[in-house]
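Undergrad: Questions regarding the structure given below will be posed in turn.
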Amino acid sequence: MIRVGVNGYGTIGKRVADAIGAQPDMTLTGVAKTQPNYEAEAAVRKGYPLYAAIPERSDRFAEAGIDLAGEVEDLIIASDVIVDATPSGIGEANCELYRQYETPAILQGGEDADAVDASFVARANYDDAIDADVVRVVSCNTTGLSRLLAPLQETYGVEKARVTLIRRGGDPGQVDRGPINDILPDPITVPSHHGPDVNTIYPDVNIDTLGVKVPATLMHLHSVNITLESEPSAAEVRELLSAESRLFLVPQEAGIDGTGKLKEFAMDTGRPRGDLWENCIWADSISTDGRDLYLFQSIHQEADVVPENIDAIRAITDRESQADSMAITDDRLGVGLESLFEGIRQRVVPHSADD
Ligand code: NAD
């Protein structure tokens with residue numbers, strides 16, 4: 001069993017902690033919190049051992065009646081791997097502590113690529129993380145773009161990608177991002193940081209990205225134009241993409257016409273927190289004009305990096321091959337939404353730890 005601790009139990013950390021619990025080869029050693037808030041309460045209710053992320057604040061937990069299992073250094077000692085899901089910049093600062101205990105660590109997309117041994121997207125460059133000390137699971141948008149580019153690059157070759165990212169203004173709980181009522185070119189300069197970030201995964205892909213922020217919390221929407229090196233039909237591209245477990249082709253007949261209904265669908269199917277781990281590509285948006293491919297895809301910012309963190313844990317400890325790790329992760333979480341009206345429905349929700 002790989003013993004995994006989660007330092008930073010917010011939007012990403014709590015999802016990764018639950019996903020670790022669903023894996024047959026991992027055990028969650030505990031989660032580290034800075035304060036005894038509602039998320040600490042939820043962690044306690046789930047039975048997760050709770051550690052003080054900032055030792056000087058341990059008293060606050062005692063005052064709130066919450067028993068701690070220890071301090072963050074105890075969590076590191078008890079773990080084979082740490083997933084650090086703290087806010088941007090803190091993960092990099094925490095690396096000193098992880099290195100001190102020779103504990104491999106997985107950071108998140110808010111950290112600098114220069115701070116880590118490898119940036120990571122399971123479908124694209126799993127092997128780069130094998131036996132590394134510190135790996136960065138790239139941001140939700142970079143993960144979504146890399147997953148899409150992987151099969152296109154392998155099958156047709158990518159001459160040039162141009163993507164406009166219409167980005168949610170904040171996560172549902174991020175009150176400090178609002179109230180908002182505007183549409184912002186963000187950044188105003190071109191390219192946005194997303195294209196260069198994709199190049200940490202695919203150094204040779206020619207990609208330009210533009211960012212726009214809108215007053216929404218549910219998901220991002222990518223407007224994609226890729227000039228391929230060959231000339232497949234739209235039907236061929238649809239077939240290629242639908243074979244990828246982490247790409248969900250949303251069929252026209254489903255009546256899902258936006259991110260609101262996508263999230264509603266996720267909740268209706270019993271997905272925890274209404275999470276969509278897959279890129280959601282509108283099947284009918286996939287169009288070709290010569291070598292130019294066009295499509296729209298939506299990315300659930302809170303969720304798509306979760307399976308990637310699980311695969312990064314196996315890669316950094318060199319436990320499974322890329323294909324085996326992705327298959328285990330997909331099976332245990334229920335990743336792999338398929339066209340809604342074809343074939344036998346497979347499981348789309350996580351196994352429990354006891355399954
Ligand atoms: P968050 O603010 O929801 O959660 C961070 C948690 O870390 C909070 O509970 C906070 O109290 C805690 N924390 C703060 N300082 C800490 C410390 N010193 N030690 C331990 N815990 C500490 O943030 P998030 O959205 O989960 O983002 C975490 C990382 O994931 C960032 O790098 C971010 O860029 C990346 N990421 C976020 C999203 C997203 O949409 N939310 C998507 C992909 C990647």
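Ligands are numbered from 1 in the order shown, chains are lettered A, B, ... in the order of the structure tokens, and residues start at 1 in each chain.
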Which residues form the shell of 7 Å around ligand 1 when you count only C-alpha atoms and all ligand atoms, given as a list in words?

TA: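 Checked against 7 Å with only C-alpha atoms and all ligand atoms; the hits are Asn7, Gly8, Tyr9, Gly10, Thr11, Ile12, Gly13, Ala32, Lys33, Thr34, Gln35, Ala53, Ile54, Ala85, Thr86, Pro87, Ser88, Ile90, Gln108, Gly109, Gly110, Glu111, Val138, Ser139, Cys140, Asp171, Gln301, Glu302 and Val305 of chain A.
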
Undergrad: I'd like the neighbourhood of segment 282-290 of chain A as a list in words, where a residue qualifies if any of its atoms comes within 9 Å (using only C-alpha atoms), though same-chain residues fewer than 6 positions away should be ignored.

TA: Thr227, Leu228, Ser230, Glu231, Pro232, Ser233, Ala234, Ala235, Val237, Arg238, Phe248, Leu249, Val250, Pro251, Gln252, Ile256, Asp257, Phe296, Gln297 and Ser298 of chain A

Undergrad: So that I can check the surroundings of Ser321 of chain A, please list as a PDB file with N, CA and C atoms, in the first residue's frame every protein, DNA and RNA residue that reaches within 12 Å of it, counting only C-alpha atoms and ignoring chain neighbours fewer than 2 positions away.

TA:
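After the write, part-v2.pdb holds the following:
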```pdb
ATOM      1  N   ALA A 122      -1.121  12.564 -16.982  1.00  0.00           N
ATOM      2  CA  ALA A 122      -0.924  11.108 -17.090  1.00  0.00           C
ATOM      3  C   ALA A 122      -0.931  10.624 -18.536  1.00  0.00           C
ATOM      4  N   ARG A 123      -1.864  11.088 -19.338  1.00  0.00           N
ATOM      5  CA  ARG A 123      -1.997  10.600 -20.711  1.00  0.00           C
ATOM      6  C   ARG A 123      -0.813  11.010 -21.583  1.00  0.00           C
ATOM      7  N   ASN A 125       2.662  12.360 -20.399  1.00  0.00           N
ATOM      8  CA  ASN A 125       4.090  12.189 -20.062  1.00  0.00           C
ATOM      9  C   ASN A 125       4.276  11.501 -18.700  1.00  0.00           C
ATOM     10  N   TYR A 126       3.496  10.461 -18.460  1.00  0.00           N
ATOM     11  CA  TYR A 126       3.531   9.718 -17.190  1.00  0.00           C
ATOM     12  C   TYR A 126       4.959   9.373 -16.775  1.00  0.00           C
ATOM     13  N   ASP A 127       5.740   8.879 -17.727  1.00  0.00           N
ATOM     14  CA  ASP A 127       7.073   8.354 -17.375  1.00  0.00           C
ATOM     15  C   ASP A 127       8.024   9.437 -16.870  1.00  0.00           C
ATOM     16  N   ASP A 128       7.755  10.696 -17.192  1.00  0.00           N
ATOM     17  CA  ASP A 128       8.639  11.779 -16.725  1.00  0.00           C
ATOM     18  C   ASP A 128       8.630  11.904 -15.199  1.00  0.00           C
ATOM     19  N   ALA A 129       7.571  11.383 -14.561  1.00  0.00           N
ATOM     20  CA  ALA A 129       7.453  11.537 -13.105  1.00  0.00           C
ATOM     21  C   ALA A 129       8.049  10.358 -12.338  1.00  0.00           C
ATOM     22  N   ILE A 130       8.425   9.303 -13.060  1.00  0.00           N
ATOM     23  CA  ILE A 130       8.904   8.106 -12.366  1.00  0.00           C
ATOM     24  C   ILE A 130      10.172   8.427 -11.567  1.00  0.00           C
ATOM     25  N   ASP A 311      -2.703   9.262 -10.483  1.00  0.00           N
ATOM     26  CA  ASP A 311      -1.684   8.644 -11.344  1.00  0.00           C
ATOM     27  C   ASP A 311      -0.286   9.154 -10.994  1.00  0.00           C
ATOM     28  N   ALA A 312      -0.199  10.431 -10.620  1.00  0.00           N
ATOM     29  CA  ALA A 312       1.115  10.988 -10.258  1.00  0.00           C
ATOM     30  C   ALA A 312       1.676  10.277  -9.020  1.00  0.00           C
ATOM     31  N   ILE A 313       0.784   9.875  -8.107  1.00  0.00           N
ATOM     32  CA  ILE A 313       1.245   9.151  -6.902  1.00  0.00           C
ATOM     33  C   ILE A 313       1.888   7.822  -7.325  1.00  0.00           C
ATOM     34  N   ARG A 314       1.240   7.124  -8.277  1.00  0.00           N
ATOM     35  CA  ARG A 314       1.825   5.837  -8.708  1.00  0.00           C
ATOM     36  C   ARG A 314       3.101   6.055  -9.509  1.00  0.00           C
ATOM     37  N   ALA A 315       3.135   7.124 -10.307  1.00  0.00           N
ATOM     38  CA  ALA A 315       4.321   7.355 -11.129  1.00  0.00           C
ATOM     39  C   ALA A 315       5.523   7.709 -10.247  1.00  0.00           C
ATOM     40  N   ILE A 316       5.308   8.591  -9.285  1.00  0.00           N
ATOM     41  CA  ILE A 316       6.443   9.078  -8.487  1.00  0.00           C
ATOM     42  C   ILE A 316       7.009   7.958  -7.616  1.00  0.00           C
ATOM     43  N   THR A 317       6.174   6.955  -7.301  1.00  0.00           N
ATOM     44  CA  THR A 317       6.661   5.820  -6.510  1.00  0.00           C
ATOM     45  C   THR A 317       6.994   4.627  -7.415  1.00  0.00           C
ATOM     46  N   ASP A 318       6.855   4.818  -8.715  1.00  0.00           N
ATOM     47  CA  ASP A 318       7.164   3.789  -9.720  1.00  0.00           C
ATOM     48  C   ASP A 318       6.442   2.463  -9.423  1.00  0.00           C
ATOM     49  N   ARG A 319       5.132   2.545  -9.180  1.00  0.00           N
ATOM     50  CA  ARG A 319       4.379   1.339  -8.823  1.00  0.00           C
ATOM     51  C   ARG A 319       3.692   0.671 -10.008  1.00  0.00           C
ATOM     52  N   ALA A 323      -0.366   2.820 -18.478  1.00  0.00           N
ATOM     53  CA  ALA A 323      -1.659   2.243 -18.869  1.00  0.00           C
ATOM     54  C   ALA A 323      -2.349   1.601 -17.666  1.00  0.00           C
ATOM     55  N   ASP A 324      -1.574   0.878 -16.864  1.00  0.00           N
ATOM     56  CA  ASP A 324      -2.192   0.194 -15.718  1.00  0.00           C
ATOM     57  C   ASP A 324      -2.689   1.201 -14.690  1.00  0.00           C
ATOM     58  N   SER A 325      -1.879   2.223 -14.414  1.00  0.00           N
ATOM     59  CA  SER A 325      -2.303   3.207 -13.422  1.00  0.00           C
ATOM     60  C   SER A 325      -3.579   3.916 -13.875  1.00  0.00           C
ATOM     61  N   MET A 326      -3.588   4.357 -15.126  1.00  0.00           N
ATOM     62  CA  MET A 326      -4.781   5.081 -15.605  1.00  0.00           C
ATOM     63  C   MET A 326      -6.012   4.171 -15.570  1.00  0.00           C
ATOM     64  N   ALA A 327      -5.813   2.893 -15.892  1.00  0.00           N
ATOM     65  CA  ALA A 327      -6.957   1.967 -15.890  1.00  0.00           C
ATOM     66  C   ALA A 327      -7.480   1.769 -14.466  1.00  0.00           C
ATOM     67  N   ILE A 328      -6.566   1.633 -13.512  1.00  0.00           N
ATOM     68  CA  ILE A 328      -7.002   1.439 -12.113  1.00  0.00           C
ATOM     69  C   ILE A 328      -7.735   2.695 -11.626  1.00  0.00           C
TER      70      ILE A 328
END
```

Undergrad: Have a look at atom CA of Val81 of chain A and atom CA of Pro104 of chain A and let me know their distance in Å, one decimal.

TA: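 Answer for the atom CA of Val81 of chain A to atom CA of Pro104 of chain A separation: 5.2 Å.
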
Undergrad: Residues of segment 59-258 of chain A in alpha helix (DSSP H) according to DSSP, as a ChimeraX atom specification?

TA: /A:59-63,72-77,90-100,122-125,140-155,194-198,234-242
